[in-house]
$ cat final-v9.txt   # compact mmCIF, C-alpha atoms
# COMPACT_ATOMS: atom_id res chain seq x y z
CA MET Z 1 -55.47 -22.33 30.74
CA LYS Z 2 -53.63 -25.52 30.25
CA LEU Z 3 -56.16 -26.74 27.80
CA THR Z 4 -55.09 -24.01 25.42
CA THR Z 5 -51.53 -25.18 25.13
CA PHE Z 6 -52.67 -28.72 25.06
CA ALA Z 7 -55.03 -28.05 22.21
CA VAL Z 8 -52.39 -26.05 20.37
CA LEU Z 9 -50.13 -29.03 20.41
CA LEU Z 10 -52.84 -31.43 19.41
CA CYS Z 11 -53.79 -29.33 16.51
CA ILE Z 12 -50.49 -29.18 14.69
CA CYS Z 13 -51.66 -29.20 11.16
CA PHE Z 14 -49.25 -31.13 8.98
CA SER Z 15 -49.18 -29.95 5.47
CA GLY Z 16 -47.94 -33.27 4.35
CA PRO Z 17 -48.45 -35.33 1.23
CA GLY Z 18 -52.05 -34.99 0.72
CA LEU Z 19 -50.78 -32.70 2.95
CA ALA Z 20 -50.07 -29.66 0.99
CA GLY Z 21 -50.74 -31.51 -2.18
CA GLN Z 22 -54.14 -32.46 -3.40
CA ALA Z 23 -57.02 -30.67 -1.86
CA GLU Z 24 -60.23 -32.07 -0.49
CA PRO Z 25 -63.82 -30.97 -0.12
CA GLN Z 26 -64.57 -28.08 2.17
CA LYS Z 27 -66.01 -29.02 5.51
CA PRO Z 28 -68.59 -26.82 7.15
CA LEU Z 29 -66.91 -26.97 10.55
CA PRO Z 30 -63.18 -26.53 10.21
CA SER Z 31 -62.45 -27.32 13.83
CA THR Z 32 -58.74 -27.50 14.24
CA LEU Z 33 -59.21 -30.31 16.70
CA LEU Z 34 -60.65 -32.43 13.95
CA THR Z 35 -58.24 -31.44 11.26
CA GLY Z 36 -56.14 -34.14 9.67
CA ILE Z 37 -53.22 -34.20 7.32
CA GLY Z 38 -53.93 -32.33 4.19
CA GLU Z 39 -57.02 -30.59 5.39
CA ALA Z 40 -55.17 -27.32 5.56
CA ASN Z 41 -55.51 -27.17 1.82
CA GLN Z 42 -59.15 -27.65 1.21
CA ARG Z 43 -60.97 -27.38 -2.04
CA SER Z 44 -64.45 -26.08 -2.35
CA PRO Z 45 -67.21 -26.95 -4.76
CA MET Z 46 -68.30 -23.33 -4.66
CA ALA Z 47 -66.20 -22.43 -7.63
CA ASP Z 48 -63.68 -24.39 -9.59
CA THR Z 49 -62.96 -23.05 -12.99
CA GLU Z 50 -60.17 -23.90 -15.34
CA ALA Z 51 -58.86 -21.29 -17.69
CA SER Z 52 -55.64 -21.63 -19.62
CA ARG Z 53 -54.99 -24.71 -17.49
CA ILE Z 54 -54.70 -22.56 -14.38
CA ILE Z 55 -57.17 -23.68 -11.77
CA LEU Z 56 -58.86 -20.98 -9.75
CA GLN Z 57 -60.77 -22.07 -6.68
CA ALA Z 58 -62.78 -19.91 -4.35
CA SER Z 59 -64.11 -21.13 -1.05
CA GLN Z 60 -65.46 -20.00 2.24
CA ASP Z 61 -65.76 -21.69 5.58
CA THR Z 62 -67.02 -20.30 8.85
CA SER Z 63 -63.97 -18.18 9.47
CA LYS Z 64 -62.10 -17.51 6.24
CA ALA Z 65 -62.67 -16.95 2.54
CA THR Z 66 -59.93 -18.18 0.24
CA ILE Z 67 -58.98 -17.94 -3.38
CA LYS Z 68 -56.48 -20.46 -4.72
CA LEU Z 69 -54.42 -20.34 -7.83
CA GLY Z 70 -53.52 -23.91 -8.52
CA PRO Z 71 -52.49 -26.47 -7.74
CA GLU Z 72 -50.15 -26.02 -10.65
CA THR Z 73 -49.17 -29.65 -11.18
CA PHE Z 74 -46.17 -31.16 -12.91
CA SER Z 75 -46.02 -34.88 -13.60
CA ASN Z 76 -42.68 -35.94 -14.96
CA LYS Z 77 -40.08 -38.02 -13.14
CA ASN Z 78 -41.55 -36.80 -9.84
CA PHE Z 79 -44.92 -35.29 -9.14
CA SER Z 80 -44.96 -31.70 -7.93
CA ASN Z 81 -47.44 -29.00 -7.31
CA PHE Z 82 -47.53 -25.35 -6.42
CA THR Z 83 -50.46 -23.56 -4.86
CA LEU Z 84 -50.90 -19.88 -4.18
CA THR Z 85 -53.65 -19.11 -1.70
CA ALA Z 86 -55.04 -15.75 -0.66
CA SER Z 87 -57.20 -15.76 2.47
CA ALA Z 88 -59.24 -13.22 4.32
CA PRO Z 89 -61.20 -13.50 7.56
CA VAL Z 90 -64.97 -13.56 7.04
CA SER Z 91 -66.04 -11.86 10.25
CA LYS Z 92 -63.06 -10.08 11.53
CA ALA Z 93 -63.53 -9.56 15.23
CA SER Z 94 -59.99 -8.83 16.20
CA ASP Z 95 -60.02 -11.08 19.22
CA THR Z 96 -61.72 -14.14 17.77
CA THR Z 97 -58.63 -16.17 17.07
CA LEU Z 98 -59.49 -19.78 17.75
CA MET Z 99 -58.45 -20.78 21.20
CA GLY Z 100 -56.10 -23.62 20.88
CA GLY Z 101 -55.86 -23.33 17.12
CA THR Z 102 -52.48 -23.40 15.45
CA ASP Z 103 -53.59 -20.92 12.87
CA GLY Z 104 -52.11 -17.74 14.24
CA PHE Z 105 -53.20 -16.12 10.98
CA ALA Z 106 -56.89 -16.88 11.44
CA ASN Z 107 -57.83 -13.20 11.59
CA ALA Z 108 -55.29 -11.89 9.12
CA PHE Z 109 -55.32 -11.30 5.39
CA THR Z 110 -52.69 -13.71 4.14
CA LEU Z 111 -50.94 -14.92 1.02
CA GLN Z 112 -49.49 -18.41 1.09
CA LEU Z 113 -47.23 -20.18 -1.37
CA SER Z 114 -46.99 -23.92 -0.89
CA PHE Z 115 -45.06 -26.59 -2.72
CA SER Z 116 -45.07 -30.37 -2.44
CA GLN Z 117 -43.33 -33.15 -4.30
CA PHE Z 118 -43.74 -36.92 -4.50
CA VAL Z 119 -40.59 -38.91 -5.20
CA VAL Z 120 -41.46 -42.47 -6.20
CA HIS Z 121 -39.92 -45.21 -8.32
CA ARG Z 122 -41.94 -46.55 -11.22
CA ARG Z 123 -40.99 -49.54 -13.34
CA ASP Z 124 -40.17 -49.34 -17.01
CA PRO Z 125 -43.50 -50.40 -18.56
CA GLU Z 126 -41.92 -52.68 -21.17
CA GLU Z 127 -42.63 -55.92 -19.33
CA ILE Z 128 -46.16 -55.09 -18.24
CA ILE Z 129 -46.99 -54.03 -21.79
CA SER Z 130 -45.80 -57.42 -23.00
CA ARG Z 131 -48.30 -59.05 -20.64
CA LEU Z 132 -51.29 -56.87 -21.49
CA ASP Z 133 -53.18 -59.62 -23.33
CA GLU Z 134 -52.56 -62.11 -20.52
CA PHE Z 135 -54.02 -59.79 -17.87
CA LYS Z 136 -56.88 -58.80 -20.17
CA LYS Z 137 -57.92 -62.44 -20.62
CA LYS Z 138 -57.69 -63.19 -16.90
CA ILE Z 139 -59.80 -60.16 -15.97
CA GLU Z 140 -62.42 -61.11 -18.54
CA ALA Z 141 -62.55 -64.69 -17.31
CA GLY Z 142 -62.79 -63.56 -13.70
CA ALA Z 143 -65.52 -61.04 -14.49
CA ILE Z 144 -67.60 -63.61 -16.39
CA SER Z 145 -67.20 -66.07 -13.54
CA LYS Z 146 -68.57 -63.37 -11.22
CA GLY Z 147 -71.66 -62.86 -13.33
CA LYS Z 148 -70.63 -60.15 -15.78
CA SER Z 149 -71.83 -60.49 -19.35
CA GLU Z 150 -69.22 -61.11 -22.03
CA ALA Z 151 -69.68 -57.57 -23.33
CA GLU Z 152 -69.25 -56.11 -19.85
CA ALA Z 153 -66.16 -58.24 -19.25
CA LYS Z 154 -64.57 -57.18 -22.53
CA ALA Z 155 -65.16 -53.54 -21.68
CA LEU Z 156 -63.12 -53.77 -18.48
CA VAL Z 157 -59.83 -51.94 -18.54
CA VAL Z 158 -56.65 -53.67 -17.42
CA GLY Z 159 -56.24 -51.71 -14.24
CA ALA Z 160 -55.16 -52.45 -10.67
CA ASP Z 161 -58.74 -52.13 -9.44
CA ASN Z 162 -60.07 -54.69 -11.93
CA ILE Z 163 -57.14 -57.00 -11.24
CA HIS Z 164 -58.02 -56.74 -7.54
CA ASP Z 165 -61.66 -57.55 -8.24
CA TYR Z 166 -61.40 -60.20 -10.97
CA ASP Z 167 -57.86 -61.59 -10.93
CA PRO Z 168 -56.70 -61.21 -7.31
CA ALA Z 169 -54.04 -63.90 -7.69
CA ASP Z 170 -52.11 -61.49 -9.93
CA ALA Z 171 -52.61 -58.36 -7.81
CA VAL Z 172 -49.12 -58.36 -6.32
CA THR Z 173 -47.48 -59.24 -9.65
CA PHE Z 174 -49.36 -56.45 -11.40
CA ARG Z 175 -48.33 -53.93 -8.76
CA GLU Z 176 -44.70 -55.03 -8.92
CA LEU Z 177 -44.69 -54.63 -12.70
CA LEU Z 178 -45.81 -51.02 -12.36
CA TRP Z 179 -43.98 -49.95 -9.22
CA ASP Z 180 -40.59 -50.51 -7.63
CA THR Z 181 -41.82 -51.21 -4.13
CA GLU Z 182 -38.26 -52.01 -3.02
CA SER Z 183 -37.78 -48.25 -2.81
CA SER Z 184 -39.33 -45.93 -0.30
CA ILE Z 185 -41.72 -43.18 -1.29
CA ASN Z 186 -40.66 -39.73 -0.20
CA VAL Z 187 -42.87 -36.71 0.05
CA TRP Z 188 -41.67 -33.30 1.02
CA GLY Z 189 -42.80 -29.74 0.83
CA PHE Z 190 -42.91 -26.32 2.33
CA GLY Z 191 -45.19 -23.35 2.73
CA LEU Z 192 -44.51 -19.65 3.16
CA THR Z 193 -47.12 -17.28 4.50
CA GLY Z 194 -47.21 -13.52 4.92
CA GLY Z 195 -50.07 -11.21 5.70
CA HIS Z 196 -51.53 -8.12 7.26
CA GLN Z 197 -53.71 -7.68 10.30
CA SER Z 198 -55.18 -4.57 11.90
CA PHE Z 199 -55.91 -4.40 15.60
CA SER Z 200 -58.09 -1.94 17.46
CA TYR Z 201 -57.18 -1.30 21.05
CA LEU Z 202 -57.61 1.16 23.87
CA SER Z 203 -54.68 3.33 24.70
CA GLN Z 204 -53.55 2.77 28.25
CA GLY Z 205 -53.05 6.42 29.01
CA SER Z 206 -55.34 8.50 26.83
CA PHE Z 207 -58.65 6.58 26.87
CA ALA Z 208 -58.51 6.80 23.08
CA SER Z 209 -59.30 4.06 20.57
CA MET Z 210 -56.19 3.29 18.53
CA THR Z 211 -55.28 1.07 15.60
CA ALA Z 212 -52.14 -0.99 15.14
CA ASN Z 213 -51.07 -2.71 11.93
CA LYS Z 214 -49.06 -5.92 12.13
CA VAL Z 215 -47.43 -8.18 9.57
CA PRO Z 216 -47.76 -11.83 10.58
CA TYR Z 217 -45.61 -14.31 8.71
CA GLY Z 218 -44.48 -17.89 8.94
CA GLY Z 219 -43.36 -21.02 7.23
CA ASN Z 220 -43.54 -24.76 7.47
CA VAL Z 221 -41.55 -27.67 6.12
CA TYR Z 222 -42.28 -31.36 6.17
CA TRP Z 223 -40.89 -34.62 5.00
CA GLY Z 224 -42.79 -37.86 4.88
CA ILE Z 225 -41.65 -41.34 4.03
CA ILE Z 226 -43.51 -44.53 3.20
CA PRO Z 227 -40.85 -47.21 3.76
CA SER Z 228 -40.40 -49.93 1.16
CA HIS Z 229 -42.92 -52.77 1.25
CA THR Z 230 -45.13 -50.93 3.73
CA MET Z 231 -48.28 -48.91 3.61
CA GLU Z 232 -47.51 -46.70 6.56
CA LEU Z 233 -46.47 -43.10 6.61
CA PHE Z 234 -43.99 -41.37 8.90
CA ASN Z 235 -44.23 -37.61 8.67
CA PHE Z 236 -41.92 -35.03 10.26
CA SER Z 237 -42.88 -31.39 10.29
CA TYR Z 238 -41.79 -28.06 11.63
CA GLU Z 239 -43.78 -24.89 11.62
CA TYR Z 240 -43.03 -21.34 12.68
CA GLN Z 241 -45.59 -18.57 12.94
CA LYS Z 242 -44.94 -14.97 13.86
CA ALA Z 243 -48.45 -13.98 14.83
CA PHE Z 244 -50.24 -11.50 17.04
CA LEU Z 245 -53.19 -11.47 19.40
CA ASP Z 246 -55.27 -8.77 21.02
CA SER Z 247 -54.15 -7.91 24.48
CA LYS Z 248 -56.53 -8.69 27.33
CA THR Z 249 -59.98 -7.12 27.02
CA THR Z 250 -60.64 -4.63 29.75
CA ALA Z 251 -63.32 -2.09 30.62
CA ILE Z 252 -62.00 1.42 31.23
CA VAL Z 253 -64.02 4.13 32.92
CA GLY Z 254 -63.31 7.56 31.48
CA PRO Z 255 -63.17 10.85 33.32
CA THR Z 256 -66.45 12.16 34.74
CA THR Z 257 -67.92 15.08 32.84
CA ALA Z 258 -69.25 18.26 34.44
CA SER Z 259 -72.73 16.81 34.29
CA GLY Z 260 -71.56 13.85 36.29
CA ILE Z 261 -71.58 11.32 33.45
CA SER Z 262 -68.68 8.99 32.92
CA VAL Z 263 -68.14 6.89 29.80
CA THR Z 264 -66.96 3.30 29.91
CA LYS Z 265 -65.07 1.73 27.00
CA THR Z 266 -64.42 -1.96 26.63
CA GLY Z 267 -61.74 -3.47 24.44
CA PRO Z 268 -58.21 -4.78 24.32
CA LEU Z 269 -56.05 -2.62 26.52
CA GLY Z 270 -52.75 -1.79 24.94
CA LEU Z 271 -50.93 -2.94 21.83
CA PRO Z 272 -51.42 -6.47 20.47
CA VAL Z 273 -49.15 -9.07 21.94
CA ASP Z 274 -46.95 -11.62 20.23
CA ASN Z 275 -48.48 -15.02 19.64
CA ASP Z 276 -45.52 -16.81 18.08
CA LYS Z 277 -45.64 -20.53 17.52
CA GLU Z 278 -42.81 -22.93 16.88
CA LEU Z 279 -44.06 -26.45 16.55
CA GLY Z 280 -42.41 -29.71 15.64
CA ALA Z 281 -44.19 -32.99 15.20
CA LEU Z 282 -43.76 -36.61 14.25
CA GLU Z 283 -46.77 -38.49 12.95
CA PHE Z 284 -47.36 -42.10 11.98
CA ARG Z 285 -50.27 -43.40 9.93
CA ARG Z 286 -51.27 -46.94 9.32
CA MET Z 287 -54.20 -49.24 8.80
CA PHE Z 288 -54.44 -52.29 11.01
CA GLY Z 289 -57.10 -54.37 9.34
CA SER Z 290 -60.21 -52.24 9.46
CA ILE Z 291 -58.80 -49.84 12.06
CA GLY Z 292 -56.75 -46.78 11.24
CA ILE Z 293 -54.39 -45.19 13.71
CA ASP Z 294 -52.64 -41.88 13.50
CA PRO Z 295 -50.46 -41.25 16.58
CA LYS Z 296 -48.71 -37.91 16.72
CA VAL Z 297 -46.08 -36.54 19.07
CA SER Z 298 -45.79 -32.78 19.09
CA TYR Z 299 -43.43 -30.35 20.75
CA ASP Z 300 -44.00 -26.67 21.31
CA PHE Z 301 -40.53 -25.10 21.30
CA LYS Z 302 -41.88 -21.83 22.68
CA GLY Z 303 -43.85 -23.29 25.54
CA LYS Z 304 -41.42 -26.18 25.93
CA VAL Z 305 -44.19 -28.69 26.28
CA TRP Z 306 -44.96 -31.86 24.39
CA ALA Z 307 -48.19 -33.66 23.69
CA VAL Z 308 -49.25 -37.02 22.38
CA ASP Z 309 -52.38 -37.51 20.35
CA ILE Z 310 -53.64 -40.93 19.29
CA PRO Z 311 -56.72 -40.99 17.07
CA ILE Z 312 -58.09 -44.49 16.55
CA MET Z 313 -60.50 -44.58 13.63
CA PHE Z 314 -62.95 -47.45 13.39
CA LEU Z 315 -66.37 -45.99 12.44
CA ARG Z 316 -67.25 -45.94 8.76
CA ASP Z 317 -69.71 -43.89 6.74
CA SER Z 318 -72.09 -45.30 4.15
CA LYS Z 319 -69.32 -45.31 1.54
CA GLY Z 320 -66.99 -47.30 3.77
CA ASN Z 321 -64.69 -44.38 4.61
CA LEU Z 322 -63.24 -44.33 8.10
CA THR Z 323 -64.72 -41.16 9.52
CA GLY Z 324 -65.05 -41.64 13.25
CA GLY Z 325 -63.39 -43.06 16.30
CA LEU Z 326 -61.72 -42.28 19.57
CA ASP Z 327 -59.05 -39.71 20.24
CA LEU Z 328 -56.71 -40.31 23.17
CA ALA Z 329 -54.47 -37.46 24.24
CA LEU Z 330 -51.90 -36.55 26.84
CA ASP Z 331 -49.68 -33.52 27.41
CA ASP Z 332 -46.89 -32.84 29.82
CA LYS Z 333 -48.13 -29.47 30.99
CA SER Z 334 -51.45 -30.43 32.48
CA HIS Z 335 -50.50 -34.10 32.80
CA GLN Z 336 -54.06 -34.75 31.83
CA PHE Z 337 -55.18 -37.74 29.85
CA THR Z 338 -58.27 -37.14 27.77
CA ALA Z 339 -60.38 -39.33 25.56
CA GLY Z 340 -63.12 -38.25 23.23
CA LEU Z 341 -64.94 -38.90 20.03
CA ILE Z 342 -63.35 -37.71 16.82
CA ILE Z 343 -64.89 -37.10 13.41
CA ARG Z 344 -62.91 -36.62 10.23
CA SER Z 345 -63.64 -36.47 6.56
CA GLY Z 346 -61.91 -39.82 6.12
CA PHE Z 347 -58.81 -41.69 7.13
CA GLY Z 348 -56.07 -43.03 4.92
CA ILE Z 349 -52.32 -43.05 4.66
CA PHE Z 350 -52.49 -39.75 2.82
CA LYS Z 351 -55.11 -37.94 4.89
CA MET N 1 -46.12 -43.37 -41.61
CA THR N 2 -46.98 -40.01 -40.13
CA ILE N 3 -46.03 -38.60 -36.77
CA VAL N 4 -49.01 -36.98 -35.13
CA SER N 5 -49.37 -35.20 -31.84
CA VAL N 6 -51.70 -36.93 -29.40
CA ASP N 7 -53.12 -34.74 -26.64
CA PHE N 8 -53.86 -36.33 -23.29
CA THR N 9 -56.13 -34.94 -20.63
CA VAL N 10 -56.36 -36.62 -17.24
CA SER N 11 -59.13 -36.13 -14.68
CA PRO N 12 -57.85 -37.12 -11.25
CA SER N 13 -60.17 -37.38 -8.28
CA THR N 14 -59.80 -34.62 -5.73
CA ASN N 15 -57.54 -36.43 -3.30
CA LEU N 16 -55.45 -38.49 -5.69
CA GLN N 17 -51.93 -37.76 -4.50
CA SER N 18 -49.86 -38.23 -7.63
CA PHE N 19 -50.13 -39.71 -11.10
CA TRP N 20 -48.14 -40.34 -14.25
CA ILE N 21 -48.94 -41.54 -17.74
CA ALA N 22 -46.75 -42.94 -20.51
CA VAL N 23 -47.24 -44.15 -24.03
CA ASP N 24 -45.14 -47.21 -24.82
CA ASP N 25 -41.86 -46.44 -23.05
CA LYS N 26 -42.13 -42.65 -23.11
CA ASP N 27 -43.53 -40.55 -20.28
CA VAL N 28 -46.10 -37.94 -21.18
CA GLN N 29 -45.06 -34.76 -19.41
CA LEU N 30 -48.24 -33.52 -17.78
CA ARG N 31 -48.72 -29.96 -16.73
CA ASN N 32 -51.99 -29.13 -15.04
CA ASN N 33 -53.45 -32.45 -16.16
CA PHE N 34 -52.62 -31.97 -19.82
CA GLY N 35 -49.78 -33.17 -22.03
CA SER N 36 -48.95 -34.11 -25.61
CA ILE N 37 -46.71 -36.68 -27.22
CA PRO N 38 -45.79 -37.34 -30.87
CA LEU N 39 -46.73 -40.84 -32.08
CA ASP N 40 -46.45 -42.89 -35.24
CA ASP N 41 -49.95 -43.29 -36.65
CA SER N 42 -49.10 -46.53 -38.44
CA LYS N 43 -48.46 -48.47 -35.25
CA SER N 44 -50.47 -49.66 -32.29
CA HIS N 45 -49.52 -48.02 -29.00
CA CYS N 46 -49.99 -48.75 -25.32
CA LEU N 47 -51.07 -46.19 -22.75
CA VAL N 48 -49.79 -46.90 -19.23
CA TRP N 49 -50.76 -45.02 -16.08
CA TRP N 50 -49.64 -45.00 -12.47
CA LEU N 51 -51.73 -43.71 -9.57
CA MET N 52 -50.88 -43.14 -5.95
CA GLY N 53 -53.38 -42.35 -3.23
CA ASN N 54 -55.85 -43.75 -0.78
CA PRO N 55 -58.09 -46.62 -1.92
CA GLY N 56 -60.84 -45.44 -4.23
CA GLU N 57 -59.01 -42.37 -5.51
CA ASN N 58 -59.09 -42.55 -9.29
CA MET N 59 -58.30 -40.95 -12.60
CA ALA N 60 -59.89 -40.95 -16.04
CA ILE N 61 -57.74 -40.40 -19.14
CA GLN N 62 -58.59 -39.33 -22.64
CA GLY N 63 -56.28 -39.12 -25.64
CA ARG N 64 -57.21 -37.11 -28.72
CA VAL N 65 -55.84 -36.28 -32.12
CA GLY N 66 -57.44 -32.95 -32.75
CA SER N 67 -61.04 -33.48 -31.73
CA ARG N 68 -61.00 -37.23 -32.41
CA VAL N 69 -60.81 -39.44 -29.34
CA VAL N 70 -58.27 -42.22 -29.84
CA VAL N 71 -58.25 -43.67 -26.34
CA ASN N 72 -60.67 -43.21 -23.47
CA ILE N 73 -60.08 -44.69 -20.04
CA PRO N 74 -62.97 -44.52 -17.56
CA PRO N 75 -61.99 -43.77 -13.95
CA SER N 76 -59.32 -46.26 -12.89
CA ALA N 77 -59.00 -46.51 -9.12
CA VAL N 78 -56.49 -47.37 -6.44
CA PRO N 79 -57.65 -50.81 -5.20
CA VAL N 80 -59.02 -51.46 -1.74
CA GLY N 81 -56.24 -51.98 0.79
CA ASP N 82 -53.58 -50.41 -1.41
CA ILE N 83 -51.95 -47.10 -2.19
CA TYR N 84 -50.65 -48.12 -5.63
CA GLY N 85 -52.87 -48.10 -8.69
CA GLY N 86 -52.44 -48.02 -12.43
CA GLY N 87 -53.15 -49.87 -15.61
CA LEU N 88 -52.63 -50.11 -19.34
CA GLN N 89 -54.61 -50.02 -22.56
CA SER N 90 -53.61 -50.45 -26.19
CA PHE N 91 -54.90 -48.07 -28.83
CA ASN N 92 -54.51 -47.07 -32.44
CA ILE N 93 -54.43 -43.57 -33.80
$ encode --input "final-v9.txt" --output "structure tokens"
Amino acid sequence: MKLTTFAVLLCICFSGPGLAGQAEPQKPLPSTLLTGIGEANQRSPMADTEASRIILQASQDTSKATIKLGPETFSNKNFSNFTLTASAPVSKASDTTLMGGTDGFANAFTLQLSFSQFVVHRRDPEEIISRLDEFKKKIEAGAISKGKSEAEAKALVVGADNIHDYDPADAVTFRELLWDTESSINVWGFGLTGGHQSFSYLSQGSFASMTANKVPYGGNVYWGIIPSHTMELFNFSYEYQKAFLDSKTTAIVGPTTASGISVTKTGPLGLPVDNDKELGALEFRRMFGSIGIDPKVSYDFKGKVWAVDIPIMFLRDSKGNLTGGLDLALDDKSHQFTAGLIIRSGFGIFK
Amino acid sequence: MTIVSVDFTVSPSTNLQSFWIAVDDKDVQLRNNFGSIPLDDSKSHCLVWWLMGNPGENMAIQGRVGSRVVVNIPPSAVPVGDIYGGGLQSFNI
């Protein structure tokens, strides 16, 4: 079905900046069609304990249970993090791999190591420190003029958010004193995954139920850049998955016994088949006023087909997050143009 | 003058992408949201922080000498329409 390939391409799951980096709340319906950057690494409120500064997170969605060790974060010149994730399928029907999903490991026990790093350019804080009192006074004056009490105004911290709210004329200056926006921001990372998956199938010749053990594995790399003086992200990614699927389900009628009874067995006939994926993608993210767009061009090197996906986010939730909009899509296999509603946990440059 | 170790703990929001803190002109090397730096207790110091993420993502910071809190920053957020955040606060030990 063409839709399958089409959906596979649409669903390339970048593990980009927020990408493989910071996690976000677990969603009850992890539809791959609705997955955005960074949602591959989700964090659950189910359990989040910190012991010896190692963060252990356990979570479960409708298809997989995961335990994460990390992210192990390092903030020095750059910002890096490592995450080790163990996942297991919740209800392991061997042929329930999501149609159209890019997760060829959906029904496998897997171990994944992921790494991401932010490379940015900060300013030496010497000058901004010398202007602390100046900004403090301006924020206080602005806050009082907006109705804050003197005590409330004095309690405000000299931060970019308060500058934005109470001293907007200095917002750009403040940012430039903290950050070298002449330089681009680079984000890169990779993930390695290995696992184990058992398949039950019917032997073609013997009418017997058999079991096959497979070792799916894969990896992904990405590089994202936010060019200087912009708030738009270009993200390039490549992903390879060596995965397996049940062969086609078939009903087999066994030999008739002496009493005239024959037994019918239903199941995958023959050994599991390869379900390799090799996907490349280029994505662009940007806000245009109150609208967020996230066009993505994907190429399936195995199927030799490309697809274009253009989510346009313009519906906001009660907190003002962009969570809904239209998704326009086209692929070169079916040559079908589709449009539909899309719902996400939120839109931003980083997710 | 005595040099004391000040321990910093940061509490970033879930989707904050990256963050750094410094005291005066020295970075505090954070590992898993925790880091320490030696400071002169006879001088005033300035805590500086940098945040990167979507608007609204934030981070709180607390500095302690032993169990005594010497600086406490409530959640400081990336402003609306921006990806860069940060701020600064003077403190004494």
$ atom_distance --input "final-v9.txt" --atom1 "CA of Phe118 (chain Z)" --atom2 "CA of Leu30 (chain N)"
14.4 Å
$ atom_distance --input "final-v9.txt" --atom1 "CA of Gly346 (chain Z)" --atom2 "CA of Gln17 (chain N)"
14.7 Å
$ closest_atom_pairs --input "final-v9.txt" --of "region 27-91 of chain N" --to "region 147-165 of chain Z" --cutoff "7 Å" --atoms "all atoms listed in the file" --output "tab-separated table"
residue	atom	partner	partner_atom	distance
N:Ser76	CA	Z:Gly159	CA	6.4
N:Ala77	CA	Z:Asp161	CA	5.6
N:Val78	CA	Z:Asp161	CA	6.1
N:Pro79	CA	Z:Asp161	CA	4.6
N:Gly85	CA	Z:Ala160	CA	5.3
N:Gly86	CA	Z:Ala160	CA	5.5
N:Gly87	CA	Z:Gly159	CA	3.8
N:Leu88	CA	Z:Val158	CA	5.7
N:Gln89	CA	Z:Val158	CA	6.6
$ write_last_selection --input "final-v9.txt" --atoms "C-alpha atoms" --output "JSON list (two decimals), keeping the file's coordinate frame"
[["chain", "number", "residue", "atom", "x", "y", "z"],
["N", 76, "SER", "CA", -59.32, -46.26, -12.89],
["N", 77, "ALA", "CA", -59.00, -46.51, -9.12],
["N", 78, "VAL", "CA", -56.49, -47.37, -6.44],
["N", 79, "PRO", "CA", -57.65, -50.81, -5.20],
["N", 85, "GLY", "CA", -52.87, -48.10, -8.69],
["N", 86, "GLY", "CA", -52.44, -48.02, -12.43],
["N", 87, "GLY", "CA", -53.15, -49.87, -15.61],
["N", 88, "LEU", "CA", -52.63, -50.11, -19.34],
["N", 89, "GLN", "CA", -54.61, -50.02, -22.56]]
$ closest_residue --input "final-v9.txt" --among "Z:Glu140, Z:Glu283, Z:Glu239, Z:Glu176" --to "chain N" --atoms "all atoms listed in the file"
Z:Glu176
$ interface_residues --input "final-v9.txt" --of "chain N" --to "chain Z" --cutoff "10 Å" --atoms "all atoms listed in the file" --output "PyMOL selection string"
chain N and resi 12-35+45-56+58+73-90
$ closest_residue --input "final-v9.txt" --among "N:Glu57, N:Ser44, N:Leu39, N:Arg64" --to "Asp7 (chain N)" --atoms "all atoms listed in the file"
N:Arg64
$ residues_near_point --input "final-v9.txt" --point "(-44.4, -29.9, 0.2)" --cutoff "6 Å" --atoms "all atoms listed in the file" --output "JSON list (two decimals) with C-alpha atoms, in the coordinates of the input"
[["chain", "number", "residue", "atom", "x", "y", "z"],
["Z", 20, "ALA", "CA", -50.07, -29.66, 0.99],
["Z", 115, "PHE", "CA", -45.06, -26.59, -2.72],
["Z", 116, "SER", "CA", -45.07, -30.37, -2.44],
["Z", 117, "GLN", "CA", -43.33, -33.15, -4.30],
["Z", 188, "TRP", "CA", -41.67, -33.30, 1.02],
["Z", 189, "GLY", "CA", -42.80, -29.74, 0.83],
["Z", 190, "PHE", "CA", -42.91, -26.32, 2.33]]
$ residues_near_point --input "final-v9.txt" --point "(-54.5, -39.8, -27.3)" --cutoff "10 Å" --atoms "all atoms listed in the file" --output "ChimeraX atom specification"
/N:4-9,23,35-39,45,47,61-66,68-72,91-93
$ atom_distance --input "final-v9.txt" --atom1 "CA of Thr323 (chain Z)" --atom2 "CA of Asp294 (chain Z)"
12.7 Å
$ closest_residue --input "final-v9.txt" --among "Z:Phe284, Z:Ile252, Z:His229, Z:Asp276" --to "Val172 (chain Z)" --atoms "all atoms listed in the file"
Z:His229
$ closest_residue --input "final-v9.txt" --among "Z:Thr66, Z:Ser345, Z:Thr264, Z:Ser237" --to "Tyr299 (chain Z)" --atoms "only C-alpha atoms"
Z:Ser237
